[in-house]
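Containing mmCIF, C-alpha atoms: structure-v7.cif.
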data_target
#
loop_
_atom_site.label_atom_id
_atom_site.label_comp_id
_atom_site.auth_asym_id
_atom_site.auth_seq_id
_atom_site.Cartn_x
_atom_site.Cartn_y
_atom_site.Cartn_z
CA MET A 1 -34.53 -79.61 196.42
CA ALA A 2 -37.77 -77.86 197.15
CA ARG A 3 -39.44 -75.92 194.37
CA PRO A 4 -38.68 -72.12 194.38
CA HIS A 5 -41.56 -69.95 195.46
CA PRO A 6 -42.05 -66.19 195.62
CA ALA A 7 -40.64 -64.58 198.73
CA PRO A 8 -43.17 -62.81 200.94
CA VAL A 9 -43.21 -59.03 201.05
CA SER A 10 -40.80 -58.22 203.85
CA GLN A 11 -40.32 -55.47 206.35
CA PRO A 12 -37.10 -53.43 206.45
CA ARG A 13 -34.36 -55.08 208.48
CA PRO A 14 -33.23 -53.28 211.66
CA LYS A 15 -30.69 -50.58 210.84
CA PRO A 16 -27.46 -50.96 212.79
CA PRO A 17 -25.44 -47.75 212.99
CA SER A 18 -23.07 -46.98 210.13
CA PRO A 19 -19.41 -47.46 211.04
CA LYS A 20 -17.28 -44.41 211.55
CA LEU A 21 -15.03 -43.47 208.68
CA TRP A 22 -11.84 -45.49 208.90
CA ARG A 23 -8.95 -43.85 210.76
CA PRO A 24 -5.82 -45.97 210.40
CA LYS A 25 -3.73 -46.10 213.56
CA ARG A 26 -0.62 -45.42 211.51
CA VAL A 27 0.16 -44.11 208.06
CA LEU A 28 3.44 -44.95 206.33
CA PHE A 29 4.85 -42.85 203.48
CA THR A 30 7.67 -44.17 201.32
CA PRO A 31 10.28 -41.76 199.90
CA ASP A 32 9.20 -42.52 196.34
CA ALA A 33 5.61 -41.63 197.19
CA LEU A 34 6.66 -38.26 198.61
CA GLU A 35 8.41 -37.41 195.34
CA GLN A 36 5.00 -37.41 193.65
CA PRO A 37 2.94 -34.18 193.69
CA PHE A 38 -0.13 -36.27 194.45
CA GLY A 39 1.82 -37.94 197.26
CA GLN A 40 2.46 -34.51 198.78
CA ARG A 41 -1.26 -33.77 198.55
CA LEU A 42 -2.00 -37.04 200.34
CA LEU A 43 0.50 -36.12 203.06
CA GLU A 44 -1.13 -32.71 203.59
CA ARG A 45 -4.59 -34.26 203.62
CA MET A 46 -3.67 -36.88 206.21
CA GLN A 47 -1.79 -34.38 208.35
CA SER A 48 -4.94 -32.24 208.42
CA LEU A 49 -6.83 -35.28 209.76
CA GLY A 50 -4.39 -35.64 212.67
CA LEU A 51 -3.26 -39.13 211.73
CA ASP A 52 -0.10 -40.75 213.10
CA ILE A 53 2.27 -40.47 210.13
CA THR A 54 5.70 -42.04 209.67
CA LEU A 55 8.00 -40.98 206.83
CA LEU A 56 9.99 -44.07 205.98
CA ARG A 57 13.68 -43.95 205.10
CA SER A 58 13.34 -46.59 202.40
CA ASN A 59 10.62 -47.82 200.06
CA ARG A 60 10.35 -51.12 201.93
CA LEU A 61 7.39 -51.51 204.28
CA THR A 62 8.45 -52.93 207.63
CA GLY A 63 6.93 -53.63 211.03
CA LEU A 64 3.81 -55.25 209.63
CA ARG A 65 4.19 -58.71 211.14
CA GLY A 66 3.20 -59.79 214.62
CA LYS A 67 3.96 -62.92 216.59
CA ASP A 68 1.26 -64.92 214.78
CA ALA A 69 -1.20 -64.68 211.89
CA ARG A 70 -3.90 -63.00 213.98
CA GLU A 71 -1.59 -60.28 215.27
CA THR A 72 -0.16 -59.75 211.80
CA TYR A 73 -3.70 -59.36 210.47
CA ARG A 74 -4.56 -56.85 213.21
CA LEU A 75 -1.42 -54.74 212.66
CA ALA A 76 -1.83 -54.72 208.89
CA LYS A 77 -5.52 -53.84 209.02
CA GLN A 78 -4.70 -50.81 211.18
CA THR A 79 -2.09 -49.54 208.72
CA LEU A 80 -2.32 -47.40 205.61
CA ALA A 81 0.77 -47.23 203.40
CA VAL A 82 1.23 -44.57 200.73
CA VAL A 83 3.46 -46.00 198.01
CA ASN A 84 3.98 -45.84 194.26
CA ALA A 85 2.26 -48.43 192.11
CA PRO A 86 4.92 -50.58 190.43
CA PRO A 87 5.37 -50.29 186.64
CA SER A 88 3.69 -53.69 186.20
CA LEU A 89 0.36 -52.18 187.25
CA LEU A 90 0.49 -49.72 184.35
CA ALA A 91 0.06 -52.69 181.99
CA LEU A 92 -3.66 -53.35 182.34
CA GLN A 93 -5.27 -56.80 182.48
CA PRO A 94 -8.74 -57.89 181.32
CA ILE A 95 -11.32 -58.42 184.07
CA PRO A 96 -14.40 -60.06 182.49
CA PRO A 97 -17.27 -60.12 183.13
CA SER A 98 -17.01 -56.99 185.30
CA ALA A 99 -15.32 -54.75 182.72
CA ASP A 100 -12.96 -54.76 179.78
CA LEU A 101 -9.93 -53.85 181.91
CA GLN A 102 -8.91 -53.21 185.50
CA PHE A 103 -6.69 -50.55 187.01
CA HIS A 104 -5.85 -49.79 190.62
CA LEU A 105 -5.79 -46.74 192.85
CA ALA A 106 -5.09 -48.88 195.93
CA LYS A 107 -4.69 -52.47 197.08
CA GLY A 108 -6.20 -53.65 200.34
CA CYS A 109 -9.33 -52.77 202.28
CA PRO A 110 -10.09 -51.73 205.87
CA ALA A 111 -13.23 -53.89 206.06
CA HIS A 112 -13.39 -57.32 207.72
CA CYS A 113 -15.44 -59.55 205.43
CA GLN A 114 -14.89 -63.17 206.36
CA TYR A 115 -15.22 -64.30 202.73
CA CYS A 116 -12.74 -61.57 201.63
CA TYR A 117 -12.12 -61.67 197.89
CA LEU A 118 -8.54 -60.47 198.42
CA ALA A 119 -7.50 -63.46 200.52
CA GLY A 120 -4.96 -65.49 198.66
CA SER A 121 -4.46 -62.86 195.94
CA LEU A 122 -2.43 -60.28 197.89
CA ALA A 123 1.07 -61.19 199.00
CA GLY A 124 2.07 -60.62 202.59
CA PRO A 125 0.15 -58.92 205.42
CA PRO A 126 -3.14 -57.31 204.31
CA VAL A 127 -2.00 -53.71 204.71
CA THR A 128 -3.91 -51.17 202.61
CA ARG A 129 -1.65 -49.53 200.04
CA VAL A 130 -2.68 -46.27 198.37
CA TYR A 131 -0.89 -45.22 195.19
CA ALA A 132 0.74 -41.79 195.11
CA ASN A 133 1.43 -41.95 191.37
CA LEU A 134 -2.29 -41.97 190.53
CA PRO A 135 -1.90 -39.25 187.83
CA GLU A 136 0.59 -41.53 186.06
CA ILE A 137 -1.84 -44.45 186.35
CA LEU A 138 -4.70 -42.39 184.88
CA GLY A 139 -2.45 -41.02 182.16
CA ALA A 140 -1.69 -44.55 180.98
CA LEU A 141 -5.36 -45.46 180.44
CA ALA A 142 -5.94 -43.60 177.18
CA ARG A 143 -3.79 -46.00 175.16
CA TYR A 144 -6.21 -48.80 176.04
CA GLU A 145 -9.22 -47.01 174.56
CA ARG A 146 -10.29 -48.27 171.15
CA PRO A 147 -11.75 -45.95 168.51
CA GLY A 148 -15.43 -46.62 167.94
CA HIS A 149 -15.70 -48.72 171.11
CA VAL A 150 -16.61 -47.69 174.64
CA THR A 151 -13.97 -49.25 176.91
CA THR A 152 -14.97 -50.05 180.50
CA PHE A 153 -12.51 -49.91 183.39
CA GLU A 154 -13.06 -51.50 186.83
CA VAL A 155 -11.30 -49.82 189.77
CA SER A 156 -12.56 -51.99 192.65
CA CYS A 157 -10.84 -55.32 192.09
CA TYR A 158 -8.32 -55.00 194.92
CA THR A 159 -9.88 -52.38 197.17
CA ASP A 160 -13.09 -50.66 198.20
CA PRO A 161 -12.42 -47.16 196.85
CA LEU A 162 -15.24 -45.49 198.77
CA ALA A 163 -13.82 -46.81 202.06
CA LEU A 164 -10.68 -44.74 201.45
CA GLU A 165 -12.10 -41.66 199.75
CA HIS A 166 -12.19 -39.46 202.86
CA LEU A 167 -8.48 -40.16 203.33
CA THR A 168 -7.26 -39.86 199.75
CA GLY A 169 -9.70 -38.25 197.32
CA SER A 170 -8.41 -40.77 194.76
CA LEU A 171 -11.82 -41.95 193.60
CA SER A 172 -12.85 -38.35 192.95
CA GLU A 173 -9.74 -37.94 190.79
CA CYS A 174 -10.80 -40.98 188.78
CA VAL A 175 -14.37 -39.73 188.36
CA ARG A 176 -13.17 -36.34 187.14
CA TYR A 177 -10.79 -37.97 184.67
CA PHE A 178 -13.44 -40.26 183.18
CA GLY A 179 -15.81 -37.31 182.94
CA THR A 180 -13.52 -36.04 180.16
CA ARG A 181 -13.25 -39.35 178.25
CA GLU A 182 -16.00 -39.91 175.69
CA GLY A 183 -14.79 -43.39 174.79
CA ALA A 184 -14.29 -44.72 178.33
CA ARG A 185 -16.41 -45.63 181.33
CA LEU A 186 -15.42 -46.14 184.98
CA ARG A 187 -17.05 -48.71 187.26
CA PHE A 188 -16.65 -49.03 191.00
CA VAL A 189 -18.42 -51.03 193.69
CA SER A 190 -18.53 -50.50 197.46
CA LYS A 191 -19.92 -51.71 200.76
CA PHE A 192 -19.75 -48.18 202.19
CA ASP A 193 -22.10 -45.21 202.08
CA ALA A 194 -19.87 -42.10 202.40
CA VAL A 195 -20.83 -40.78 198.97
CA ALA A 196 -20.87 -37.03 199.75
CA PRO A 197 -17.52 -36.25 198.02
CA LEU A 198 -18.85 -37.67 194.74
CA LEU A 199 -22.22 -35.95 194.51
CA THR A 200 -21.12 -32.68 192.89
CA LEU A 201 -18.34 -33.98 190.64
CA PRO A 202 -18.45 -33.45 186.85
CA HIS A 203 -18.88 -37.15 186.11
CA GLY A 204 -20.63 -36.73 182.75
CA GLY A 205 -22.58 -39.95 183.30
CA ARG A 206 -19.40 -41.92 182.59
CA THR A 207 -18.97 -43.51 186.02
CA GLN A 208 -21.25 -46.31 187.16
CA ALA A 209 -21.54 -46.65 190.93
CA ARG A 210 -22.64 -49.99 192.36
CA VAL A 211 -23.15 -51.27 195.87
CA SER A 212 -22.49 -54.82 197.00
CA VAL A 213 -25.29 -56.24 199.15
CA ASN A 214 -26.27 -59.56 200.67
CA ALA A 215 -28.98 -61.32 202.62
CA ALA A 216 -29.22 -60.42 206.31
CA PRO A 217 -27.68 -63.63 207.76
CA ILE A 218 -24.60 -63.07 205.61
CA SER A 219 -24.23 -59.28 205.82
CA LEU A 220 -24.77 -59.23 209.58
CA ARG A 221 -22.59 -62.25 210.41
CA LEU A 222 -19.80 -62.22 207.85
CA GLU A 223 -19.27 -58.53 206.96
CA GLY A 224 -17.45 -56.42 209.55
CA GLY A 225 -16.59 -52.73 209.53
CA VAL A 226 -18.82 -51.88 206.57
CA ALA A 227 -21.99 -49.82 206.22
CA PRO A 228 -25.32 -51.57 206.81
CA VAL A 229 -27.07 -52.68 203.64
CA ALA A 230 -29.79 -50.05 204.10
CA ALA A 231 -27.14 -47.32 204.32
CA ARG A 232 -25.36 -48.60 201.21
CA LEU A 233 -28.62 -48.49 199.29
CA GLY A 234 -29.30 -45.00 200.62
CA GLY A 235 -25.93 -43.90 199.29
CA LEU A 236 -26.69 -45.48 195.93
CA ARG A 237 -29.97 -43.56 195.82
CA GLN A 238 -28.06 -40.30 196.39
CA LEU A 239 -25.65 -41.13 193.58
CA ALA A 240 -28.54 -41.91 191.23
CA ALA A 241 -30.12 -38.55 192.11
CA ALA A 242 -26.78 -36.93 191.24
CA GLY A 243 -26.98 -38.43 187.75
CA TYR A 244 -24.67 -41.41 188.12
CA PRO A 245 -25.63 -44.66 186.42
CA VAL A 246 -26.05 -47.15 189.26
CA GLY A 247 -26.20 -50.86 189.89
CA VAL A 248 -26.48 -53.54 192.55
CA VAL A 249 -24.06 -56.43 193.03
CA VAL A 250 -25.49 -59.34 195.01
CA ALA A 251 -22.42 -61.15 196.30
CA PRO A 252 -21.39 -63.63 197.38
CA ILE A 253 -24.65 -65.51 197.01
CA MET A 254 -24.87 -68.46 199.41
CA PRO A 255 -27.65 -71.05 199.84
CA VAL A 256 -27.86 -70.57 203.60
CA GLU A 257 -30.80 -71.96 205.54
CA GLY A 258 -33.96 -70.15 204.43
CA TRP A 259 -32.09 -68.51 201.55
CA ARG A 260 -35.19 -67.91 199.41
CA GLU A 261 -36.88 -65.90 202.14
CA HIS A 262 -33.70 -64.03 203.05
CA TYR A 263 -32.81 -63.11 199.47
CA GLY A 264 -36.44 -62.26 198.77
CA ALA A 265 -36.31 -59.86 201.69
CA LEU A 266 -33.09 -58.37 200.33
CA LEU A 267 -34.62 -57.80 196.91
CA ASP A 268 -37.63 -56.16 198.57
CA GLU A 269 -35.21 -53.86 200.37
CA VAL A 270 -33.48 -52.99 197.11
CA ALA A 271 -36.85 -52.32 195.48
CA ARG A 272 -37.86 -49.93 198.24
CA ALA A 273 -34.58 -48.03 197.94
CA VAL A 274 -33.88 -47.87 194.21
CA GLY A 275 -36.61 -49.80 192.44
CA ASP A 276 -37.74 -46.70 190.54
CA VAL A 277 -34.25 -45.86 189.26
CA ARG A 278 -34.06 -46.04 185.49
CA GLU A 279 -31.50 -48.34 183.88
CA LEU A 280 -30.64 -50.15 187.12
CA THR A 281 -28.26 -53.09 186.62
CA PHE A 282 -27.62 -56.25 188.61
CA GLU A 283 -24.55 -58.46 188.89
CA LEU A 284 -24.98 -61.84 190.55
CA ILE A 285 -21.95 -63.64 191.99
CA THR A 286 -22.06 -66.94 193.86
CA HIS A 287 -19.57 -67.81 196.57
CA ARG A 288 -16.40 -69.62 195.58
CA PHE A 289 -12.98 -70.14 197.14
CA THR A 290 -9.57 -71.56 196.33
CA PRO A 291 -7.33 -73.72 198.51
CA GLY A 292 -5.08 -70.71 199.02
CA SER A 293 -7.86 -68.31 199.98
CA LYS A 294 -9.32 -70.85 202.40
CA GLU A 295 -5.99 -71.18 204.18
CA VAL A 296 -5.61 -67.41 204.50
CA LEU A 297 -9.19 -66.84 205.64
CA LEU A 298 -8.91 -69.49 208.35
CA ASP A 299 -5.76 -67.74 209.59
CA TRP A 300 -7.56 -64.41 209.67
CA TYR A 301 -10.90 -65.70 210.98
CA PRO A 302 -10.30 -69.02 212.78
CA ASN A 303 -13.83 -69.06 214.22
CA THR A 304 -15.62 -68.14 211.01
CA ALA A 305 -19.05 -69.55 210.23
CA LEU A 306 -18.29 -69.37 206.50
CA ASP A 307 -18.93 -72.69 204.76
CA MET A 308 -15.77 -73.78 202.92
CA ASP A 309 -16.35 -77.54 202.87
CA GLU A 310 -14.76 -78.85 199.66
CA GLN A 311 -16.85 -82.05 199.88
CA THR A 312 -20.04 -80.11 199.15
CA ARG A 313 -18.60 -78.22 196.16
CA ALA A 314 -17.72 -78.78 192.54
CA VAL A 315 -14.24 -78.08 191.20
CA LYS A 316 -13.80 -75.48 188.48
CA ARG A 317 -10.43 -75.13 186.75
CA ASN A 318 -9.09 -72.22 184.75
CA LYS A 319 -6.95 -72.39 181.62
CA PHE A 320 -3.78 -72.21 183.70
CA GLY A 321 -4.70 -75.26 185.80
CA GLY A 322 -5.74 -73.35 188.91
CA LEU A 323 -8.85 -74.52 190.70
CA LYS A 324 -11.65 -73.05 192.71
CA TYR A 325 -14.52 -74.62 194.59
CA VAL A 326 -17.99 -73.59 193.42
CA TYR A 327 -21.50 -74.84 194.08
CA GLY A 328 -22.66 -77.91 192.20
CA LYS A 329 -24.76 -77.81 189.05
CA ASP A 330 -28.11 -78.41 190.75
CA THR A 331 -27.54 -75.76 193.43
CA MET A 332 -26.34 -73.23 190.86
CA SER A 333 -29.36 -73.92 188.67
CA GLU A 334 -31.77 -73.46 191.58
CA LEU A 335 -30.11 -70.25 192.76
CA ARG A 336 -30.04 -68.80 189.27
CA GLY A 337 -33.65 -69.69 188.58
CA PHE A 338 -34.73 -68.00 191.80
CA PHE A 339 -32.91 -64.75 191.03
CA GLU A 340 -34.03 -64.63 187.42
CA THR A 341 -37.66 -65.04 188.47
CA GLU A 342 -37.59 -62.66 191.42
CA LEU A 343 -35.60 -59.93 189.67
CA ALA A 344 -37.93 -60.02 186.68
CA ARG A 345 -40.92 -59.71 189.01
CA ARG A 346 -39.56 -56.76 191.01
CA PHE A 347 -37.37 -54.99 188.44
CA PRO A 348 -38.83 -55.66 184.98
CA GLN A 349 -36.78 -52.90 183.32
CA ALA A 350 -33.46 -53.69 185.02
CA ARG A 351 -30.63 -55.48 183.24
CA VAL A 352 -28.79 -58.46 184.69
CA LEU A 353 -25.23 -58.00 183.43
CA TYR A 354 -24.02 -61.45 184.35
CA TRP A 355 -24.38 -64.48 186.60
CA THR A 356 -21.31 -66.30 187.80
#
Now that the file is in, can you turn its structure into structure tokens?
Amino acid sequence: MARPHPAPVSQPRPKPPSPKLWRPKRVLFTPDALEQPFGQRLLERMQSLGLDITLLRSNRLTGLRGKDARETYRLAKQTLAVVNAPPSLLALQPIPPSADLQFHLAKGCPAHCQYCYLAGSLAGPPVTRVYANLPEILGALARYERPGHVTTFEVSCYTDPLALEHLTGSLSECVRYFGTREGARLRFVSKFDAVAPLLTLPHGGRTQARVSVNAAPISLRLEGGVAPVAARLGGLRQLAAAGYPVGVVVAPIMPVEGWREHYGALLDEVARAVGDVRELTFELITHRFTPGSKEVLLDWYPNTALDMDEQTRAVKRNKFGGLKYVYGKDTMSELRGFFETELARRFPQARVLYWT
């Protein structure tokens, strides 16, 4: 491979318009969800937005499948379901290296990213489920805090919480809660820029907001229904000005043609937007996929340009025997070396939390 070299100083990429806030074509409420006070608040909020709401007679979600995978995908992506999180989700699981533990205010996302992290990990049609028993979920977190240790909680593993905030207010509830917890910190990441509801909250510096960004060929070709990278960074700047700790997630990193120049341009863009922010963090995540996620993604996006050729990848297995396809050792080494050099040059005081 060619030797890495510094990327030239770049000009800002053209700014496509930000997408409108998501308006699901239908909203489904289960009876159990409506028994929750927060569920009633969600109902009132969505009624005020003039959404098409159906009050289900049972707690089973129906009518989500079409005649084929593409129609099922379309129907599910247009649907928001308000349900109760099952008891199993109150037992938290570790989520290294992102945080100590993960919890969930929703599962599913209205965006259309062709490398979707949720593919293969959510059962059934990709409908977005919002949890009406959020107060119960938050109330269960305290028992996971450890005296003398700051415990971090990630809330973006199965959703983009900012994409739903105008519909639910759930992320604001989380921020307020963590603002009262000295021994806990909240982390969320988003590809959206609708940060206004968060700017005046009493967060106490205990919520870290991050945006996920990528090089132009990837963000423009493979990310649908999300805010442009420039808008995401603008939102992050507003959150930093409001006192939130902030960070940037570069993901999924891919060695596309001309990747050094494209990622150099991205880092220039980040520097222009938030390069003067104190205590900025970076998280660097390379692209990987599993056999199951590949199958789902090809159903959802049969004409995708996403590279999922197993022959060009290395196999990585987890302790349970599952496998994923990652880049080979030489490619990973070259990518990592580039980012370490270029981040140090542009952001000498920033911290890289992890590379994976």
Residues returned when the PyMOL selection byres ((chain A and resi 176-190) around 8) runs on this file, as a PyMOL selection string: chain A and resi 99+138+145-156+160-163+172-175+191-193+201-212+249
To one decimal in Å, tell me the separation between CA of Leu222 in chain A and CA of Thr312 in chain A.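 Computed distance, CA of Leu222 in chain A to CA of Thr312 in chain A, equals 19.9 Å.
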From A:Ala119, A:Ala241, A:Leu353, A:Ala132, residue lying nearest Lys294 in chain A [all atoms listed in the file]: A:Ala119
So the first atom is CA of Pro126 in chain A and the second is CA of Ala76 in chain A; what is the distance between them in Å, to one decimal place? 5.4 Å
Selection result for the PyMOL selection byres ((chain A and resi 334) around 12) on this file, as a PyMOL selection string: chain A and resi 1-5+253-255+259-260+286+327-333+335-341
Pick out the residues sitting within 6 Å of Leu280 in chain A, and hand them over as a VMD selection string; count all atoms listed in the file, and ignore anything fewer than 4 positions along from it in its own chain. chain A and resid 246 to 247 350
Nearest to Glu257 in chain A among A:Ala216, A:Leu42, A:Leu122, A:Val315, with distances taken over only C-alpha atoms: which residue is it?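 That would be A:Ala216, the residue with the smallest distance to Glu257 in chain A.
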Determine the nearest neighbour of Gln93 in chain A from the options A:Leu43, A:Ala242, A:Leu141, A:Val352, counting all atoms listed in the file. A:Leu141
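The coordinates place CA of Val250 in chain A at 5.7 Å from CA of Asn214 in chain A.
Checking A:Arg237, A:His287, A:Lys324, A:Arg346 one by one against Gly264 in chain A, counting all atoms listed in the file, you find the shortest gap at A:Arg346.
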Given only C-alpha atoms as the basis, pick out the residue of A:Val195, A:Val213, A:Leu239, A:Val83 nearest to Leu284 in chain A.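 Between A:Val195, A:Val213, A:Leu239, A:Val83, the residue approaching Leu284 in chain A most closely is A:Val213.
Take the candidates A:Arg41, A:Arg74, A:His166, A:Arg232 and check each one against Val274 in chain A using all atoms listed in the file; the shortest distance goes to A:Arg232.
Once the PyMOL selection byres ((chain A and resi 135) around 12) is applied to the depicted file, the selected set reads A:Gln36, A:Pro37, A:Phe38, A:Gly39, A:Asn84, A:Ala85, A:Leu90, A:His104, A:Leu105, A:Tyr131, A:Ala132, A:Asn133, A:Leu134, A:Glu136, A:Ile137, A:Leu138, A:Gly139, A:Ala140, A:Leu141, A:Ser170, A:Leu171, A:Glu173, A:Cys174, A:Arg176, A:Tyr177.
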With C-alpha atoms kept, could you save the residues just selected as an mmCIF file, in the coordinates of the input?
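Resulting contents of result-v3.cif:
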data_model
loop_
_atom_site.group_PDB
_atom_site.id
_atom_site.type_symbol
_atom_site.label_atom_id
_atom_site.label_comp_id
_atom_site.auth_asym_id
_atom_site.auth_seq_id
_atom_site.Cartn_x
_atom_site.Cartn_y
_atom_site.Cartn_z
ATOM 1 C CA GLN A 36 5.000 -37.410 193.650
ATOM 2 C CA PRO A 37 2.940 -34.180 193.690
ATOM 3 C CA PHE A 38 -0.130 -36.270 194.450
ATOM 4 C CA GLY A 39 1.820 -37.940 197.260
ATOM 5 C CA ASN A 84 3.980 -45.840 194.260
ATOM 6 C CA ALA A 85 2.260 -48.430 192.110
ATOM 7 C CA LEU A 90 0.490 -49.720 184.350
ATOM 8 C CA HIS A 104 -5.850 -49.790 190.620
ATOM 9 C CA LEU A 105 -5.790 -46.740 192.850
ATOM 10 C CA TYR A 131 -0.890 -45.220 195.190
ATOM 11 C CA ALA A 132 0.740 -41.790 195.110
ATOM 12 C CA ASN A 133 1.430 -41.950 191.370
ATOM 13 C CA LEU A 134 -2.290 -41.970 190.530
ATOM 14 C CA GLU A 136 0.590 -41.530 186.060
ATOM 15 C CA ILE A 137 -1.840 -44.450 186.350
ATOM 16 C CA LEU A 138 -4.700 -42.390 184.880
ATOM 17 C CA GLY A 139 -2.450 -41.020 182.160
ATOM 18 C CA ALA A 140 -1.690 -44.550 180.980
ATOM 19 C CA LEU A 141 -5.360 -45.460 180.440
ATOM 20 C CA SER A 170 -8.410 -40.770 194.760
ATOM 21 C CA LEU A 171 -11.820 -41.950 193.600
ATOM 22 C CA GLU A 173 -9.740 -37.940 190.790
ATOM 23 C CA CYS A 174 -10.800 -40.980 188.780
ATOM 24 C CA ARG A 176 -13.170 -36.340 187.140
ATOM 25 C CA TYR A 177 -10.790 -37.970 184.670
#
With 3 Å added on each side, what axis-aligned box encloses every listed atom of range 38-48 of chain A? Give the centre and edge lengths in Å to one decimal, as lines of an AutoDock Vina configuration file.
center_x = -1.2
center_y = -35.1
center_z = 201.4
size_x = 13.4
size_y = 11.7
size_z = 20.0
From (-9.8, -70.3, 195.4), in the file's coordinates, out to 9 Å: which residues are reached, counting only C-alpha atoms? Answer as JSON, numbers by chain. {"A": [119, 120, 288, 289, 290, 291, 292, 293, 294, 322, 323, 324, 325]}
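Every protein or nucleic acid residue with an atom no more than 10 Å from Ser121 in chain A, counting all atoms listed in the file and leaving out same-chain residues fewer than 3 positions away, appears here: Tyr117, Leu118, Gly124, Tyr158, Gly292, Ser293 and Val296 of chain A.
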Set the distance at 8 Å and use all atoms listed in the file: which residues neighbour Gln349 in chain A once local chain neighbours fewer than 2 positions away are removed? I'd like the list as a PyMOL selection string. chain A and resi 278-280+344+347+351
Given the point (-2.1, -45.3, 207.5) in the coordinates of this file, which residues lie within 10 Å, counting only C-alpha atoms, and how would they look as an MDAnalysis selection string? chainID A and resid 22:29 46 51:54 76:82 127:130 167
